[in-house]
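J.: Dropping a structure here in structure tokens format, bear with me for questions.
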Number of protein chains: 2
Amino acid sequence: MSLDRRNAFYAQSGGVTAVINATACGVIETARKHPARIGTVYAGRNGILGALREDLIDTGAESDEDIARLRTTPGGAFGSCRYKLKSLDEADGEREYRRLIDVFRAHDIGYFFYNGGGDSQDTAHKVSLLGERLGYPVVCIGIPKTVDNDLAMTDTCPGFGSVAKYVGVSVREAALDVASMCDTSTKVFILEVMGRHAGWIAASGGLAKRHRDDAPHIIVFPEVPFDEADFLARAKRTVERVGYCVVVASEGARYPDGRFLADTGGTDAFGHAQLGGVAPVLAQLVRGRLGYKFHWALADYLQRAARHIASATDVEQAYAVGRHAVELALAGRNAVMATIVRTSDEPYRWEMGDAPLERVANVERKMPKAYISRDGFGITKAARRYLEPLVAGEDYPPFVGGLPDYASLANRPVPKRLEPST
Amino acid sequence: MSLDRRNAFYAQSGGVTAVINATACGVIETARKHPARIGTVYAGRNGILGALREDLIDTGAESDEDIARLRTTPGGAFGSCRYKLKSLDEADGEREYRRLIDVFRAHDIGYFFYNGGGDSQDTAHKVSLLGERLGYPVVCIGIPKTVDNDLAMTDTCPGFGSVAKYVGVSVREAALDVASMCDTSTKVFILEVMGRHAGWIAASGGLAKRHRDDAPHIIVFPEVPFDEADFLARAKRTVERVGYCVVVASEGARYPDGRFLADTGGTDAFGHAQLGGVAPVLAQLVRGRLGYKFHWALADYLQRAARHIASATDVEQAYAVGRHAVELALAGRNAVMATIVRTSDEPYRWEMGDAPLERVANVERKMPKAYISRDGFGITKAARRYLEPLVAGEDYPPFVGGLPDYASLANRPVPKRLEPST
């Protein structure tokens with residue numbers, strides 16, 4: 001084991017985004033610039049599970065050209081997972097962390113870059129504590145990623161800006177369609193978007209509005225208890241005044257008693273609980289109470305995979321947090337997360353920063369109340385000031401034959417050195 | 001009434017598209033180049049209803065710059081409608097046609113450009129017959145438009161290529177997301193797309209596939225009676241071999257007895273029939289019989305409004321049919337539709353043509369059997385050869401502040417000269 005030159009481990013965690021591979025690109029390209037300090041970057045196949053299973057990917061086998069193409073490729077190039085390590089306090093809680101350290105030791109891994117949300121920052125923090133305790137110190141650097149935009153200590157989370165742009169674009173476009181046809185066809189259109197706990201994504205739909213009567217006319221936030229009568233009155237007023245009504249609804253919208261709107265209690269032909277989502281519930285309400293023709297769309301994964309309409313700001317920041325994570329490690333920092341620091345709204349300026357993992361771990365950043373208009377159905381100027389720079393700029397991927405030409409890596413496995421974990 | 005210089009009437013009909021305004025742009029810009037022959041282009045507010053109501057829009061009030069911006073703006077700039085004129089054979093069937101002629105006469109309209117699908121071509125045809133009979137000859141030129149791609153006598157229909165591109169892009173992107181997470185999360189992803197009668201749009205999802213195991217793994221066509229057992233077996237085999245399965249499902253998918261899959265017979269919490277659509281039905285099937293975790297998306301209007309990812313070929317052809325329609329009128333042609341004629345697959349070459357309205361009206365072009373693979377769940381090389389050129393090229397709209405900057409016209413009304421129709 002060389003003190004000067006150690007390998008690195010990089011893993012993607014949780015739901016992937018349009019730009020998480022740009023972060024991977026930032027990590028790997030920056031590591032390659034420091035061959036005297038960083039040997040090979042190993043990626044975990046399917047995230048942290050790759051480490052637990054000793055299923056490592058040798059990114060050193062990829063050409064510089066292929067690594068560069070990660071910047072324009074959505075999804076998780078090495079695979080990600082939904083898997084949370086146990087708490088260290090739980091019985092048997094240390095076992096998985098010990099396994100991580102064993103794998104790191106077997107492959108001379110001195111740097112752990114963990115790219116994910118709050119849970120992942122917590123894991124990175126614990127690995128740094130335990131490595132120390134077990135006499136195998138690992139430099140642990142967190143890298144933010146989540147379309148939910150709910151990480152503490154960073155102005156925004158890479159992945160969010162591109163979803164925000166997708167939602168803003170989609171609302172503006174669908175609204176033009178609805179407006180064209182409303183005289184004889186659909187009066188109410190509902191777009192359901194992600195965000196089970198926070199309305200950041202729903203709020204970004206509000207960017208489509210430039211003038212008073214522009215769409216969206218109603219945003220349904222998880223933060224605001226759903227007032228059915230108020231919603232219906234507003235939809236009716238809007239249709240009567242504007243001719244149509246466009247609604248952006250967060251999947252996390254709830255009734256005042258805390259129940260999700262998506263939990264309809266209905267059943268389908270198979271007798272299964274209807275999994276419908278929020279949009280069909282609102283649509284039925286509109287039809288049942290107001291008699292309006294409606295349409296609805298459920299963007300689902302399309303919104304977080306839409307690299308073709310990624311925000312240039314988001315892509316740049318996603319790359320920058322990857323690069324900065326490596327720079328932090330090389331500068332001797334440990335147990336910190338790379339952060340984005342906003343230094344000016346207009347003109348928008350930002351720079352890289354860092355925050356202790358223990359202050360990021362398991363903290364959920366809510367959307368400020370001041371971002372939701374008093375009536376509960378729109379966004380404020382403050383929200384707009386925050387959101388607008390995050391969707392700014394286009395960063396189109398290369399196209400071949402009319403479709404985006406996304407990278408597909410070889411993902412060559414690193415030979416195993418350990419017995420399988422029990 | 002001058003014999004040499006007459007006004008023109010242009011109307012958009014039926015569901016709008018990402019590029020129907022490019023056609024309007026082609027009509028108006030070309031008309032403006034011939035001021036000695038064409039006076040003002042009046043647009044029908046909300047399509048043909050604008051003519052029946054004498055609710056005309058003076059496009060002459062718009063600047064050249066604003067008209068040029070129509071090329072990059074989705075939706076219908078003057079409004080469209082779902083409204084089919086009665087048959088001339090029906091009792092009172094002539095009344096509406098007579099009203100059209102009255103309005104045309106009152107505004108010295110000598111050219112009728114009707115931009116729509118099969119019904120619209122039928123209407124244009126009847127107007128030409130009746131105008132002749134009533135002693136007010138009007139030059140009637142049809143202009144093709146429909147995302148369904150089901151018009152006869154033209155190689156493709158403007159609007160389709162852009163939906164096809166949207167669907168191809170979305171499938172490729174969402175598949176990367178699903179692939180990244182499938183080890184611990186979603187195994188089956190379903191994208192529901194438009195196309196109640198024909199599988200053209202669903203087929204275009206097949207363009208995302210480059211290699212054997214690429215998405216989409218299953219396409220559910222309206223043309224192929226849905227074989228539940230076969231579908232489930234294929235989904236299972238795909239998940240076992242590839243790790244996940246991506247399905248593109250047409251809203252028009254049917255059981256062998258002709259029932260739509262979307263007609264579930266289930267009810268929601270309000271006791272209303274569940275309007276679900278095809279995707280949730282397939283999703284329940286996958287969960288119920290195979291136990292896989294699933295996600296699904298419903299693109300709805302997003303797919304046909306997605307000007308931000310329009311096909312450059314489609315935009316060019318949409319403009320060209322508008323321009324050619326005016327050229328046909330000026331060349332003394334009547335009762336014809338501008339068509340797109342493919343002269344070569346590779347390299348793709350096309351030119352403008354025309355076809356008699358009577359041969360286009362009410363004829364539905366089905367997708368050839370040879371475009372669906374023998375197993376019924378994919379597309380053939382022939383389909384690919386047909387589809388690929390239609391999605392080729394990107395034609396991005398201008399962006400301001402991170403969102404597309406779409407035109408919004410003043411739509412100044414033309415003073416009425418008639419009593420309201422009874």
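FYI, nothing fancy with the structure tokens labels: chains A, B, ... in order, residues from 1 per chain, ligands from 1 as they appear.
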Compile the contact shell of stretch 46-57 of chain A as a VMD selection string: residues with an atom at most 10 Å away, counting only C-alpha atoms, same-chain residues fewer than 3 positions apart removed.

T.: (chain A and resid 9 to 14 41 to 43 60 to 61 76 to 85 96 to 104 106 to 107 114 to 116 120 123 410 to 422) or (chain B and resid 179 to 184)

J.: Write a file of the selected residues as an mmCIF file, in the first residue's frame, keeping C-alpha atoms.

T.:
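Contents of the output file out-v3.cif:
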data_model
loop_
_atom_site.group_PDB
_atom_site.id
_atom_site.type_symbol
_atom_site.label_atom_id
_atom_site.label_comp_id
_atom_site.auth_asym_id
_atom_site.auth_seq_id
_atom_site.Cartn_x
_atom_site.Cartn_y
_atom_site.Cartn_z
ATOM 1 C CA PHE A 9 -14.106 4.122 -5.180
ATOM 2 C CA TYR A 10 -17.042 5.973 -6.701
ATOM 3 C CA ALA A 11 -20.677 4.947 -6.367
ATOM 4 C CA GLN A 12 -23.998 6.355 -7.493
ATOM 5 C CA SER A 13 -26.860 6.044 -5.060
ATOM 6 C CA GLY A 14 -30.657 6.214 -5.213
ATOM 7 C CA VAL A 41 -11.178 4.864 -10.052
ATOM 8 C CA TYR A 42 -13.294 1.810 -9.307
ATOM 9 C CA ALA A 43 -17.031 2.246 -9.648
ATOM 10 C CA GLY A 60 -9.502 2.717 -16.063
ATOM 11 C CA ALA A 61 -10.469 0.413 -18.917
ATOM 12 C CA GLY A 76 -26.468 5.836 -13.972
ATOM 13 C CA ALA A 77 -23.643 4.493 -16.124
ATOM 14 C CA PHE A 78 -22.466 2.032 -13.455
ATOM 15 C CA GLY A 79 -25.870 1.278 -12.007
ATOM 16 C CA SER A 80 -27.359 2.635 -8.831
ATOM 17 C CA CYS A 81 -29.509 1.137 -6.098
ATOM 18 C CA ARG A 82 -32.038 1.821 -3.436
ATOM 19 C CA TYR A 83 -30.192 0.356 -0.467
ATOM 20 C CA LYS A 84 -29.594 1.947 2.886
ATOM 21 C CA LEU A 85 -26.916 0.566 5.149
ATOM 22 C CA GLU A 96 -21.782 -4.020 6.385
ATOM 23 C CA TYR A 97 -19.430 -1.155 7.176
ATOM 24 C CA ARG A 98 -16.712 -3.653 8.051
ATOM 25 C CA ARG A 99 -17.306 -5.403 4.757
ATOM 26 C CA LEU A 100 -16.877 -2.078 2.937
ATOM 27 C CA ILE A 101 -13.587 -1.500 4.689
ATOM 28 C CA ASP A 102 -12.470 -5.053 3.851
ATOM 29 C CA VAL A 103 -13.200 -4.488 0.179
ATOM 30 C CA PHE A 104 -11.490 -1.112 0.227
ATOM 31 C CA ALA A 106 -8.319 -5.527 -0.609
ATOM 32 C CA HIS A 107 -8.243 -3.067 -3.525
ATOM 33 C CA TYR A 114 -20.400 8.743 -2.679
ATOM 34 C CA ASN A 115 -22.847 10.447 -5.058
ATOM 35 C CA GLY A 116 -26.354 10.629 -3.675
ATOM 36 C CA SER A 120 -25.754 8.535 1.121
ATOM 37 C CA THR A 123 -23.297 6.460 4.890
ATOM 38 C CA ALA A 410 -17.916 -1.661 -21.197
ATOM 39 C CA ASN A 411 -18.060 -1.773 -17.371
ATOM 40 C CA ARG A 412 -15.243 -4.308 -17.102
ATOM 41 C CA PRO A 413 -15.260 -6.097 -13.736
ATOM 42 C CA VAL A 414 -12.269 -5.926 -11.408
ATOM 43 C CA PRO A 415 -11.099 -9.436 -10.416
ATOM 44 C CA LYS A 416 -12.303 -10.310 -6.915
ATOM 45 C CA ARG A 417 -9.817 -10.808 -4.115
ATOM 46 C CA LEU A 418 -12.114 -11.743 -1.244
ATOM 47 C CA GLU A 419 -14.472 -14.545 -0.360
ATOM 48 C CA PRO A 420 -18.111 -13.585 -0.893
ATOM 49 C CA SER A 421 -19.636 -11.851 2.083
ATOM 50 C CA THR A 422 -21.999 -14.007 4.116
ATOM 51 C CA ALA B 179 -31.504 -0.057 -16.485
ATOM 52 C CA SER B 180 -29.528 1.807 -13.807
ATOM 53 C CA MET B 181 -31.903 0.886 -11.021
ATOM 54 C CA CYS B 182 -33.315 -2.492 -11.987
ATOM 55 C CA ASP B 183 -31.185 -4.513 -9.569
ATOM 56 C CA THR B 184 -33.130 -3.188 -6.578
#

J.: Taking 6 positions as the minimum chain separation for residues in the same chain, which residues sit within 7 Å of B:Arg342 when counting only C-alpha atoms? Answer as a PyMOL selection string.

T.: chain B and resi 155+349-351

J.: Find the residues near B:Gly277: any atom within 12 Å, counting only C-alpha atoms, skip ones fewer than 5 places away on the same chain, and give them as a PyMOL selection string.

T.: (chain A and resi 268+276+280+295-298) or (chain B and resi 190-194+196+249-254+260-266+282-284+296-300)

J.: Would you pick out the contacts of B:Leu129 at 12 Å or less, using only C-alpha atoms, so that residues sharing its chain but fewer than 3 positions from it are not included, and give the list as a ChimeraX atom specification?

T.: /B:88,94,97-98,101,122-126,132-140,334-335,357-358

J.: Keeping C-alpha atoms for every residue in the selection just given, could you write it to a file as a PDB file, in the first residue's frame?

T.:
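Here's the written file again38.pdb:
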ATOM      1  CA  LEU B  88     -74.171  17.278 -47.698  1.00  0.00           C
ATOM      2  CA  GLU B  94     -75.963  22.160 -46.845  1.00  0.00           C
ATOM      3  CA  TYR B  97     -71.514  24.950 -46.254  1.00  0.00           C
ATOM      4  CA  ARG B  98     -73.740  27.762 -47.476  1.00  0.00           C
ATOM      5  CA  ILE B 101     -69.655  30.508 -48.754  1.00  0.00           C
ATOM      6  CA  ASP B 122     -63.394  15.957 -46.974  1.00  0.00           C
ATOM      7  CA  THR B 123     -64.722  19.335 -45.892  1.00  0.00           C
ATOM      8  CA  ALA B 124     -62.379  21.172 -48.254  1.00  0.00           C
ATOM      9  CA  HIS B 125     -63.555  18.941 -51.052  1.00  0.00           C
ATOM     10  CA  LYS B 126     -67.227  19.661 -50.349  1.00  0.00           C
ATOM     11  CA  GLU B 132     -69.015  25.943 -57.771  1.00  0.00           C
ATOM     12  CA  ARG B 133     -72.690  25.062 -57.508  1.00  0.00           C
ATOM     13  CA  LEU B 134     -73.588  28.304 -55.718  1.00  0.00           C
ATOM     14  CA  GLY B 135     -71.784  30.438 -58.251  1.00  0.00           C
ATOM     15  CA  TYR B 136     -69.000  31.447 -55.873  1.00  0.00           C
ATOM     16  CA  PRO B 137     -65.993  29.426 -56.908  1.00  0.00           C
ATOM     17  CA  VAL B 138     -63.369  29.087 -54.216  1.00  0.00           C
ATOM     18  CA  VAL B 139     -59.975  27.543 -54.707  1.00  0.00           C
ATOM     19  CA  CYS B 140     -59.827  24.790 -52.057  1.00  0.00           C
ATOM     20  CA  ASN B 334     -58.159  23.300 -57.084  1.00  0.00           C
ATOM     21  CA  ALA B 335     -59.533  20.558 -54.850  1.00  0.00           C
ATOM     22  CA  LEU B 357     -59.057  15.806 -52.301  1.00  0.00           C
ATOM     23  CA  GLU B 358     -61.639  13.189 -53.192  1.00  0.00           C
TER      24      GLU B 358
END

J.: Check stretch 79-196 of chain B with DSSP on the backbone and list each residue it calls strand (DSSP E), as an MDAnalysis selection string.

T.: chainID B and resid 109:116 139:144 188:193

J.: Keeping only all heavy atoms, take the residues you just selected and write them out as a compact mmCIF listing (two decimals), in the first residue's frame.

T.:
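Written output follows (selection25.txt):
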# COMPACT_ATOMS: atom_id res chain seq x y z
N ILE B 109 -63.12 36.24 -50.09
CA ILE B 109 -62.16 35.15 -49.92
C ILE B 109 -62.24 34.22 -51.12
O ILE B 109 -63.30 33.65 -51.41
CB ILE B 109 -62.44 34.38 -48.61
CG1 ILE B 109 -62.04 35.26 -47.41
CG2 ILE B 109 -61.68 33.05 -48.58
CD1 ILE B 109 -62.56 34.79 -46.09
N GLY B 110 -61.14 34.12 -51.83
CA GLY B 110 -61.10 33.29 -53.03
C GLY B 110 -60.28 32.02 -52.87
O GLY B 110 -60.26 31.17 -53.75
N TYR B 111 -59.58 31.92 -51.72
CA TYR B 111 -58.73 30.75 -51.48
C TYR B 111 -59.05 30.18 -50.10
O TYR B 111 -59.10 30.92 -49.11
CB TYR B 111 -57.25 31.15 -51.49
CG TYR B 111 -56.82 31.86 -52.74
CD1 TYR B 111 -56.73 33.26 -52.76
CD2 TYR B 111 -56.47 31.16 -53.90
CE1 TYR B 111 -56.32 33.93 -53.91
CE2 TYR B 111 -56.06 31.83 -55.05
CZ TYR B 111 -55.98 33.21 -55.04
OH TYR B 111 -55.57 33.87 -56.16
N PHE B 112 -59.24 28.91 -50.06
CA PHE B 112 -59.53 28.23 -48.78
C PHE B 112 -58.44 27.18 -48.55
O PHE B 112 -58.35 26.21 -49.29
CB PHE B 112 -60.91 27.57 -48.87
CG PHE B 112 -61.29 26.71 -47.68
CD1 PHE B 112 -60.93 27.06 -46.38
CD2 PHE B 112 -62.04 25.55 -47.87
CE1 PHE B 112 -61.30 26.26 -45.29
CE2 PHE B 112 -62.41 24.74 -46.79
CZ PHE B 112 -62.04 25.11 -45.50
N PHE B 113 -57.63 27.42 -47.52
CA PHE B 113 -56.57 26.48 -47.16
C PHE B 113 -56.96 25.80 -45.85
O PHE B 113 -57.07 26.45 -44.82
CB PHE B 113 -55.24 27.22 -46.97
CG PHE B 113 -54.77 27.91 -48.22
CD1 PHE B 113 -54.84 29.30 -48.34
CD2 PHE B 113 -54.27 27.18 -49.29
CE1 PHE B 113 -54.41 29.93 -49.50
CE2 PHE B 113 -53.83 27.82 -50.45
CZ PHE B 113 -53.91 29.19 -50.56
N TYR B 114 -57.16 24.49 -45.93
CA TYR B 114 -57.64 23.79 -44.74
C TYR B 114 -56.60 22.77 -44.30
O TYR B 114 -56.24 21.86 -45.03
CB TYR B 114 -58.98 23.11 -45.03
CG TYR B 114 -59.82 22.88 -43.78
CD1 TYR B 114 -59.62 23.63 -42.63
CD2 TYR B 114 -60.83 21.91 -43.76
CE1 TYR B 114 -60.39 23.43 -41.50
CE2 TYR B 114 -61.61 21.70 -42.63
CZ TYR B 114 -61.38 22.47 -41.49
OH TYR B 114 -62.15 22.26 -40.37
N ASN B 115 -56.13 22.97 -43.05
CA ASN B 115 -54.96 22.27 -42.52
C ASN B 115 -55.40 21.24 -41.48
O ASN B 115 -55.63 21.57 -40.33
CB ASN B 115 -54.05 23.33 -41.88
CG ASN B 115 -52.63 22.88 -41.61
OD1 ASN B 115 -51.84 23.66 -41.13
ND2 ASN B 115 -52.31 21.64 -41.91
N GLY B 116 -55.54 19.98 -41.93
CA GLY B 116 -56.01 18.99 -40.98
C GLY B 116 -55.89 17.57 -41.48
O GLY B 116 -55.09 17.27 -42.37
N VAL B 139 -61.08 28.49 -54.54
CA VAL B 139 -59.97 27.54 -54.71
C VAL B 139 -59.75 26.85 -53.37
O VAL B 139 -59.42 27.51 -52.38
CB VAL B 139 -58.70 28.28 -55.17
CG1 VAL B 139 -57.52 27.32 -55.18
CG2 VAL B 139 -58.91 28.92 -56.53
N CYS B 140 -59.94 25.53 -53.33
CA CYS B 140 -59.83 24.79 -52.06
C CYS B 140 -58.60 23.88 -52.08
O CYS B 140 -58.51 22.98 -52.91
CB CYS B 140 -61.07 23.95 -51.83
SG CYS B 140 -62.55 24.95 -51.61
N ILE B 141 -57.69 24.17 -51.17
CA ILE B 141 -56.46 23.37 -51.11
C ILE B 141 -56.33 22.77 -49.72
O ILE B 141 -56.38 23.48 -48.71
CB ILE B 141 -55.21 24.24 -51.41
CG1 ILE B 141 -55.39 25.05 -52.69
CG2 ILE B 141 -53.96 23.36 -51.45
CD1 ILE B 141 -55.29 24.27 -53.98
N GLY B 142 -56.18 21.46 -49.68
CA GLY B 142 -55.98 20.79 -48.41
C GLY B 142 -54.51 20.77 -48.02
O GLY B 142 -53.63 20.71 -48.89
N ILE B 143 -54.26 20.83 -46.73
CA ILE B 143 -52.87 20.76 -46.24
C ILE B 143 -52.84 19.69 -45.15
O ILE B 143 -53.59 19.79 -44.17
CB ILE B 143 -52.39 22.10 -45.66
CG1 ILE B 143 -52.78 23.26 -46.58
CG2 ILE B 143 -50.87 22.06 -45.46
CD1 ILE B 143 -52.35 24.63 -46.06
N PRO B 144 -51.98 18.68 -45.32
CA PRO B 144 -52.01 17.56 -44.38
C PRO B 144 -51.45 17.92 -43.01
O PRO B 144 -50.51 18.69 -42.89
CB PRO B 144 -51.14 16.50 -45.06
CG PRO B 144 -50.21 17.27 -45.92
CD PRO B 144 -50.96 18.50 -46.37
N VAL B 188 -40.13 -3.30 -14.64
CA VAL B 188 -40.89 -3.11 -15.88
C VAL B 188 -41.36 -1.67 -15.96
O VAL B 188 -41.97 -1.15 -15.01
CB VAL B 188 -42.10 -4.07 -15.95
CG1 VAL B 188 -42.94 -3.81 -17.20
CG2 VAL B 188 -41.64 -5.53 -15.91
N PHE B 189 -41.05 -1.03 -17.07
CA PHE B 189 -41.49 0.35 -17.30
C PHE B 189 -42.35 0.40 -18.55
O PHE B 189 -42.00 -0.19 -19.58
CB PHE B 189 -40.28 1.28 -17.46
CG PHE B 189 -40.68 2.69 -17.82
CD1 PHE B 189 -41.21 3.54 -16.87
CD2 PHE B 189 -40.52 3.16 -19.12
CE1 PHE B 189 -41.59 4.84 -17.20
CE2 PHE B 189 -40.89 4.45 -19.46
CZ PHE B 189 -41.42 5.30 -18.50
N ILE B 190 -43.47 1.10 -18.45
CA ILE B 190 -44.42 1.16 -19.56
C ILE B 190 -44.66 2.61 -19.94
O ILE B 190 -44.99 3.44 -19.08
CB ILE B 190 -45.76 0.50 -19.18
CG1 ILE B 190 -45.51 -0.96 -18.74
CG2 ILE B 190 -46.76 0.57 -20.34
CD1 ILE B 190 -46.61 -1.51 -17.87
N LEU B 191 -44.49 2.93 -21.20
CA LEU B 191 -44.81 4.27 -21.71
C LEU B 191 -46.03 4.15 -22.61
O LEU B 191 -46.01 3.43 -23.61
CB LEU B 191 -43.63 4.83 -22.52
CG LEU B 191 -43.91 6.17 -23.24
CD1 LEU B 191 -44.23 7.29 -22.25
CD2 LEU B 191 -42.74 6.57 -24.13
N GLU B 192 -47.09 4.84 -22.23
CA GLU B 192 -48.31 4.84 -23.06
C GLU B 192 -48.27 6.01 -24.03
O GLU B 192 -48.00 7.14 -23.65
CB GLU B 192 -49.55 4.95 -22.17
CG GLU B 192 -50.82 5.06 -23.00
CD GLU B 192 -52.09 4.93 -22.16
OE1 GLU B 192 -52.02 4.39 -21.05
OE2 GLU B 192 -53.15 5.38 -22.65
N VAL B 193 -48.51 5.71 -25.30
CA VAL B 193 -48.45 6.75 -26.33
C VAL B 193 -49.76 6.81 -27.11
O VAL B 193 -50.60 5.92 -27.03
CB VAL B 193 -47.27 6.52 -27.30
CG1 VAL B 193 -45.95 6.53 -26.55
CG2 VAL B 193 -47.44 5.23 -28.09

J.: Near A:Phe160, within 10 Å and counting only C-alpha atoms, which residues show up once chain neighbours fewer than 3 positions away are dropped, as a ChimeraX atom specification?

T.: /A:17-19,145-150,156-157,163-166,200-201,204,304,310-311,314,387,390-391

J.: In stretch 301-393 of chain B, what's alpha helix (DSSP H) per DSSP? Answer as an MDAnalysis selection string?

T.: chainID B and resid 301:305 312:330 357:360 381:387

J.: Interatomic distance between atom CA of A:Ile219 and atom CA of A:Val242?

T.: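 Here the two named atoms are 16.3 Å from each other.
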
J.: So the first atom is atom CA of A:Gly393 and the second is atom CA of A:Thr313; what is the distance between them in Å, to one decimal place?

T.: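 Separation between atom CA of A:Gly393 and atom CA of A:Thr313: 6.3 Å.
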
J.: With only C-alpha atoms as the atoms that count, which of B:Ala198, B:Ile218, B:Val341, B:Ile38 lies nearest to B:Cys245?

T.: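 Between B:Ala198, B:Ile218, B:Val341, B:Ile38, the residue approaching B:Cys245 most closely is B:Ile218.
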
J.: Using only C-alpha atoms, pick whichever of A:Asn21, A:Ser344, A:Asn362, A:Gln317 has the shortest atom-to-atom distance to chain B.

T.: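 Using only C-alpha atoms, the shortest distance to chain B belongs to A:Asn21.
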
J.: Just checking: using only C-alpha atoms, which residue out of A:Asp4, A:Asp89, A:Glu62, A:Asp405 ends up closest to chain B?

T.: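 Selected residue with least distance to chain B: A:Asp405.
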
J.: Could you tell me which of B:Arg45, B:Leu409, B:Phe231, B:Thr23 comes closest to B:Ser63 if we count only C-alpha atoms?

T.: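 The shortest atom-to-atom distance to B:Ser63 comes from B:Leu409.
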
J.: Write out as an MDAnalysis selection string which residues come within 9 Å of B:Ala31 when counting only C-alpha atoms, dropping same-chain ones fewer than 4 positions away.

T.: chainID B and resid 8 26:27 35 37:41 323 326:327

J.: Which is closer to B:Ala36 than all the others in B:Gln121, B:Asn7, B:Thr186, B:Ser162, using only C-alpha atoms?

T.: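 So, comparing all the options, the nearest one is B:Asn7.
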
J.: Using atom CA of A:Ile379 and atom CA of A:Glu173 as the two end points, give the distance in Å to one decimal.

T.: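 Value for the atom CA of A:Ile379-atom CA of A:Glu173 distance: 19.2 Å.
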
J.: Choose the residue, out of A:Met153, A:Ile309, A:Cys25, A:Ala355, that has the smallest atom-to-atom separation from chain B; count only C-alpha atoms.

T.: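 Using only C-alpha atoms, the shortest distance to chain B belongs to A:Ile309.
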